[in-house]
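Novice: Before we start, here is the structure in question, set down as structure tokens.
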Amino acid sequence: MRLWAFVPQGGTGGHTPTRRRPRTARTTALAHRATFVLLATLLTLVPAFQAPTAQARDKTQATAKTWPDKPDGFAATAGGTTGGAGGKVVTVRTQQDLTTYASAPDPYIIRIAGSIDVSPFGSDIIVASNKTLIGVGTTGEIVHGELHLNPGTHNVIIRNLTIRDSYVEGDWDGKTQDFDAIQMDTVHHVWIDHNTLTHMGDGLLDIRKDSDYITVSWNVFKNHNKAFGLGWTDNVTTNITVHHNWFTGIKQRSPSIDNAAHAHLYNNYLSAQYRDEDPVWTYGNWSRGRTKMVIENSYYDNIRNPYQADETAELVQRGSIARDTTGRHDTRGEAFDPRDFYPYRLDPAAAVPALVKKFSGPQNSLGADTVLRVAADGSGDFRTVQAAVNAVPSGNDGRITIAIAPGTYREQVRVPADKPHLTFLGTGRDRGDTVIVYDTPAEYGGSTGSATVLIAASDVTARHLTFVNDFDEAAHDLKGEQALAMKTTGDRIVFTDTAFKGNQDTLMTDSPKLTTVSRVYLRDAYIEGDVDFIYGRATTVIERSTIKALSRGSDSNNGYITAASTWKGNPYGFLITRSRIVSDAPDQTFHLGRPWHPGGEPDAIAQVLIRDTRLPAAIKSSPWTDMGGFPWQEARFSEYRNTGPGATPSADRPRMTDADAADHEVADYLAGSDGWAPQTHR
């Protein structure tokens, strides 16, 4: 192994070359996923009970219930239903934008933010194949309009929307205008989930003419005459699952299913039925024509004709509760066994009213956080992290989580400035299970070009990941051997439970220009390197983390932990606090840092405070040193309450006073003018 002497020079281009032996390969582990268990019976006993979240690590940590992004039931069979997965994510607020993206030939995930008033009254919004339409939280509404799926359309998800108010005054039976909320003809693989459909001109949901592989789940159908009909064909084709829906204030079709090959209805709740003097066309579920229907664990509350079947149809009912019901309670034939087609879990019928009232219809936890899944084996929406980033629309204004399956992703990732509000989330059991790695040195493209990951956008979070630049210095003889694992220039960047591995210039936290202040917060991080491996001009807090100063084999000078280039007008540069610095270097051979003046810039006056941190014996007793002709004494270097064998006092170790330390806490560094406080979130 060759050893190189240090010759301090200015600028990153002049950072001193380093040599050390290559690291061993990093292993990955299998992904761990938790099983979703919905404790429905507890909801009937404890009204405030929050159902537990379904996924482990591949969703953001939320206190509210989380929901899968793929359907169950028949929509999950015969190839499944993925909607716009793999396509770009767009946010729409106008009828024109909704119409454009919904009818486009390409796949899209279309986030509907706010209320869209459709004109002319009752007009169709055509939805083409490979689309996901999802309301942002509970804000997404389509008013006075219909979502319409033409023959041949397939692979469509409609979620988390309110579609309302195309009712034609005086036309209770909906005979004058065919203004449905959602209508589809001869389509397949459609998932209708967590919507509220109400007060339309004809039906709320019409599934027509040989449509197939449909799941309708967790919706509210309310205050209407005809809620939900299926059929309009002599063919016995459709396979449909209808579960956890709430039909309230409805007269008929809750649902009515005609000539379906298999109709599986379970855990639905029918209540507050609209009653008039019509004894026949006031009903709940109707198995019509040659339909085979199975009803399980539903709840009928004061319903006339809760479930009935034509003489040509079959209907099996088991486990439901019929409270104060009258009229027909038909069963005939054997129908079918739904478990021959897919697995499912029944909630107790007694729990259904509380469950459905709480969780049907639009949810705040849906739509606000779009999830794009990356898996190298093709099981996700994308095979590479960069492909997922490319799918994020420019100007994105909603949180998008890029959930990355365990594995090693050998690629460079670039997050441009116009793609903010991203979360990169490793879904393995350990942060080392999901690794983004590349091996480019600065010789090819400069420091920025060498970065394995470059984040130019603001409001970006990364969790449970490892970032590596594994350029092998010992195997190359180059002038520019800096090799960044990560570079950031955006503001409000958060890294939690992340690792950064490299040698020279491992982690650069920067800003777009000298006088622009960007902020970066790292917690529970691991950072390793040798020369200037934490550097840049961003205000950066590293809290409760481990920093490893790697030995390059020297018995006198093995490197520098920091190289800050803080703008002189910014009082806050680097803060390393409540952390641990470790090293495999010999005693008294490592510096805490040196002042970097990029290109000789005199107004880049480094500010670094290391406080409440344990230092190893490898740290020099005079831990700060000059760089590029700029003396360290002119920088703003200090320590406060450090411990360990490397914290021995000396005349060349500026110590911060108690009074000054009170103004150099984590909150002081990060607050800025907008009160940013990521350290308060766990």
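We name chains A, B, ... following the order of the structure tokens; residues begin at 1 in each chain, and ligands are numbered from 1 as shown.
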Need the shell around range 442-444 of chain A: protein/DNA/RNA residues with any atom at most 7 Å away, counting only C-alpha atoms. Skip same-chain ones fewer than 6 positions apart. Format as a list in words?
Specialist: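 The residues satisfying every condition are Ser450, Leu478, Lys479, Gly480, Glu481, Gln482 and Ala483 of chain A.
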Novice: When distances are computed from only C-alpha atoms, which of A:Ala549, A:Ala351, A:Val608, A:Leu366 shows the smallest separation from Asp587 in chain A?
Specialist: A:Ala549
Novice: For Ser320 in chain A, which residue among A:Val531, A:Ile295, A:Leu522, A:Ile303 is the nearest when counting only C-alpha atoms?
Specialist: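 So, comparing all the options, the nearest one is A:Ile295.
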Novice: If you run DSSP on this backbone, which residues of range 501-609 of chain A come out as strand (DSSP E or B), and could you give them as a PyMOL selection string?
Specialist: chain A and resi 501+507-509+519-523+526-529+531-536+539-543+546-549+559-564+567+574-577+580-583+590-593+604+607-609
Novice: Measuring atom to atom with only C-alpha atoms, identify which of A:Thr196, A:Ser622, A:Asn239, A:Thr566 is nearest to Phe359 in chain A.
Specialist: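 Closest to Phe359 in chain A, using only C-alpha atoms: A:Thr196.
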Novice: Could you build a table of the residues in range 352-437 of chain A lying no more than 12 Å from range 211-220 of chain A, giving for each the nearest pair of atoms and their separation in Å rounded to one decimal place, using only C-alpha atoms, ordered by chain and ascending residue number, as a tab-separated table?
Specialist:
```
residue	atom	partner	partner_atom	distance
A:Val352	CA	A:Trp218	CA	11.2
A:Pro353	CA	A:Trp218	CA	12.0
A:Leu355	CA	A:Trp218	CA	9.7
A:Val356	CA	A:Trp218	CA	7.1
A:Lys357	CA	A:Val220	CA	8.9
A:Lys358	CA	A:Trp218	CA	10.0
A:Phe359	CA	A:Trp218	CA	7.0
A:Ser360	CA	A:Trp218	CA	4.4
A:Gly361	CA	A:Asn219	CA	4.9
A:Pro362	CA	A:Asn219	CA	8.0
A:Gln363	CA	A:Trp218	CA	10.3
```
Novice: Could those residues be written to a file, using all heavy atoms, as a PDB file, in the first residue's frame?
Specialist:
```
ATOM      1  N   VAL A 352     -68.496  -4.709  12.039  1.00  0.00           N
ATOM      2  CA  VAL A 352     -68.565  -4.011  10.749  1.00  0.00           C
ATOM      3  C   VAL A 352     -69.054  -2.572  10.854  1.00  0.00           C
ATOM      4  O   VAL A 352     -68.459  -1.670  10.251  1.00  0.00           O
ATOM      5  CB  VAL A 352     -69.405  -4.837   9.757  1.00  0.00           C
ATOM      6  CG1 VAL A 352     -69.791  -4.013   8.533  1.00  0.00           C
ATOM      7  CG2 VAL A 352     -68.620  -6.063   9.330  1.00  0.00           C
ATOM      8  N   PRO A 353     -70.148  -2.256  11.584  1.00  0.00           N
ATOM      9  CA  PRO A 353     -70.580  -0.852  11.624  1.00  0.00           C
ATOM     10  C   PRO A 353     -69.494   0.111  12.089  1.00  0.00           C
ATOM     11  O   PRO A 353     -69.275   1.155  11.471  1.00  0.00           O
ATOM     12  CB  PRO A 353     -71.764  -0.887  12.595  1.00  0.00           C
ATOM     13  CG  PRO A 353     -72.319  -2.272  12.453  1.00  0.00           C
ATOM     14  CD  PRO A 353     -71.114  -3.140  12.282  1.00  0.00           C
ATOM     15  N   LEU A 355     -66.188  -0.381  12.127  1.00  0.00           N
ATOM     16  CA  LEU A 355     -65.095  -0.382  11.156  1.00  0.00           C
ATOM     17  C   LEU A 355     -65.403   0.501   9.959  1.00  0.00           C
ATOM     18  O   LEU A 355     -64.600   1.337   9.541  1.00  0.00           O
ATOM     19  CB  LEU A 355     -64.861  -1.810  10.654  1.00  0.00           C
ATOM     20  CG  LEU A 355     -63.771  -2.668  11.281  1.00  0.00           C
ATOM     21  CD1 LEU A 355     -63.810  -4.047  10.676  1.00  0.00           C
ATOM     22  CD2 LEU A 355     -62.418  -2.021  11.064  1.00  0.00           C
ATOM     23  N   VAL A 356     -66.565   0.279   9.377  1.00  0.00           N
ATOM     24  CA  VAL A 356     -66.904   0.947   8.129  1.00  0.00           C
ATOM     25  C   VAL A 356     -67.164   2.430   8.355  1.00  0.00           C
ATOM     26  O   VAL A 356     -66.767   3.281   7.544  1.00  0.00           O
ATOM     27  CB  VAL A 356     -68.110   0.235   7.482  1.00  0.00           C
ATOM     28  CG1 VAL A 356     -68.661   1.037   6.327  1.00  0.00           C
ATOM     29  CG2 VAL A 356     -67.691  -1.150   7.006  1.00  0.00           C
ATOM     30  N   LYS A 357     -67.807   2.781   9.455  1.00  0.00           N
ATOM     31  CA  LYS A 357     -68.019   4.200   9.745  1.00  0.00           C
ATOM     32  C   LYS A 357     -66.690   4.924   9.907  1.00  0.00           C
ATOM     33  O   LYS A 357     -66.555   6.085   9.510  1.00  0.00           O
ATOM     34  CB  LYS A 357     -68.851   4.358  11.010  1.00  0.00           C
ATOM     35  CG  LYS A 357     -70.318   4.042  10.848  1.00  0.00           C
ATOM     36  CD  LYS A 357     -71.059   4.234  12.171  1.00  0.00           C
ATOM     37  CE  LYS A 357     -72.541   3.939  12.035  1.00  0.00           C
ATOM     38  NZ  LYS A 357     -73.254   4.115  13.327  1.00  0.00           N
ATOM     39  N   LYS A 358     -65.716   4.248  10.487  1.00  0.00           N
ATOM     40  CA  LYS A 358     -64.433   4.903  10.761  1.00  0.00           C
ATOM     41  C   LYS A 358     -63.533   4.988   9.540  1.00  0.00           C
ATOM     42  O   LYS A 358     -62.856   5.996   9.315  1.00  0.00           O
ATOM     43  CB  LYS A 358     -63.705   4.154  11.887  1.00  0.00           C
ATOM     44  CG  LYS A 358     -62.431   4.842  12.379  1.00  0.00           C
ATOM     45  CD  LYS A 358     -61.875   4.112  13.577  1.00  0.00           C
ATOM     46  CE  LYS A 358     -60.649   4.835  14.138  1.00  0.00           C
ATOM     47  NZ  LYS A 358     -60.958   6.160  14.686  1.00  0.00           N
ATOM     48  N   PHE A 359     -63.532   3.923   8.707  1.00  0.00           N
ATOM     49  CA  PHE A 359     -62.494   3.826   7.701  1.00  0.00           C
ATOM     50  C   PHE A 359     -62.974   3.826   6.256  1.00  0.00           C
ATOM     51  O   PHE A 359     -62.152   3.754   5.349  1.00  0.00           O
ATOM     52  CB  PHE A 359     -61.658   2.560   7.939  1.00  0.00           C
ATOM     53  CG  PHE A 359     -60.816   2.612   9.182  1.00  0.00           C
ATOM     54  CD1 PHE A 359     -60.971   1.659  10.177  1.00  0.00           C
ATOM     55  CD2 PHE A 359     -59.878   3.613   9.363  1.00  0.00           C
ATOM     56  CE1 PHE A 359     -60.196   1.693  11.322  1.00  0.00           C
ATOM     57  CE2 PHE A 359     -59.099   3.664  10.502  1.00  0.00           C
ATOM     58  CZ  PHE A 359     -59.255   2.705  11.490  1.00  0.00           C
ATOM     59  N   SER A 360     -64.275   3.880   6.009  1.00  0.00           N
ATOM     60  CA  SER A 360     -64.707   3.959   4.610  1.00  0.00           C
ATOM     61  C   SER A 360     -64.710   5.408   4.149  1.00  0.00           C
ATOM     62  O   SER A 360     -64.697   6.343   4.955  1.00  0.00           O
ATOM     63  CB  SER A 360     -66.096   3.336   4.442  1.00  0.00           C
ATOM     64  OG  SER A 360     -67.057   4.042   5.182  1.00  0.00           O
ATOM     65  N   GLY A 361     -64.734   5.600   2.841  1.00  0.00           N
ATOM     66  CA  GLY A 361     -64.666   6.942   2.276  1.00  0.00           C
ATOM     67  C   GLY A 361     -63.248   7.484   2.274  1.00  0.00           C
ATOM     68  O   GLY A 361     -62.294   6.815   2.690  1.00  0.00           O
ATOM     69  N   PRO A 362     -63.047   8.709   1.776  1.00  0.00           N
ATOM     70  CA  PRO A 362     -61.707   9.292   1.680  1.00  0.00           C
ATOM     71  C   PRO A 362     -61.002   9.374   3.028  1.00  0.00           C
ATOM     72  O   PRO A 362     -61.618   9.661   4.053  1.00  0.00           O
ATOM     73  CB  PRO A 362     -61.983  10.686   1.093  1.00  0.00           C
ATOM     74  CG  PRO A 362     -63.257  10.521   0.334  1.00  0.00           C
ATOM     75  CD  PRO A 362     -64.074   9.562   1.150  1.00  0.00           C
ATOM     76  N   GLN A 363     -59.697   9.135   3.007  1.00  0.00           N
ATOM     77  CA  GLN A 363     -58.868   9.128   4.206  1.00  0.00           C
ATOM     78  C   GLN A 363     -57.726  10.124   4.055  1.00  0.00           C
ATOM     79  O   GLN A 363     -57.123  10.251   2.989  1.00  0.00           O
ATOM     80  CB  GLN A 363     -58.281   7.732   4.424  1.00  0.00           C
ATOM     81  CG  GLN A 363     -59.314   6.622   4.501  1.00  0.00           C
ATOM     82  CD  GLN A 363     -60.111   6.668   5.780  1.00  0.00           C
ATOM     83  OE1 GLN A 363     -59.551   6.611   6.869  1.00  0.00           O
ATOM     84  NE2 GLN A 363     -61.426   6.783   5.650  1.00  0.00           N
TER      85      GLN A 363
END
```
Novice: Point out the residue among A:Ser379, A:Ser621, A:Thr100, A:Thr282 with the least atom-to-atom distance to Val127 in chain A, counting only C-alpha atoms.
Specialist: A:Thr100
Novice: In Å, rounded to a single decimal, give me how far CA of Pro255 in chain A is from CA of His224 in chain A.
Specialist: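 A separation of 12.6 Å between them.
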Novice: Which of range 510-659 of chain A end up as helix (DSSP H, G or I) when DSSP is run on this backbone - answer as a list of chain:residue names?
Specialist: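 In range 510-659 of chain A, DSSP puts these residues in helix (DSSP H, G or I): A:Pro598, A:Gly599, A:Gly600, A:Trp632, A:Gln633, A:Glu634, A:Pro645, A:Gly646, A:Ala647, A:Asp658, A:Ala659.
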Novice: Could you tell me how far CA of Glu665 in chain A sits from CA of Thr461 in chain A, in Å to one decimal place?
Specialist: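 Going from CA of Thr461 in chain A over to CA of Glu665 in chain A, I get 21.6 Å.
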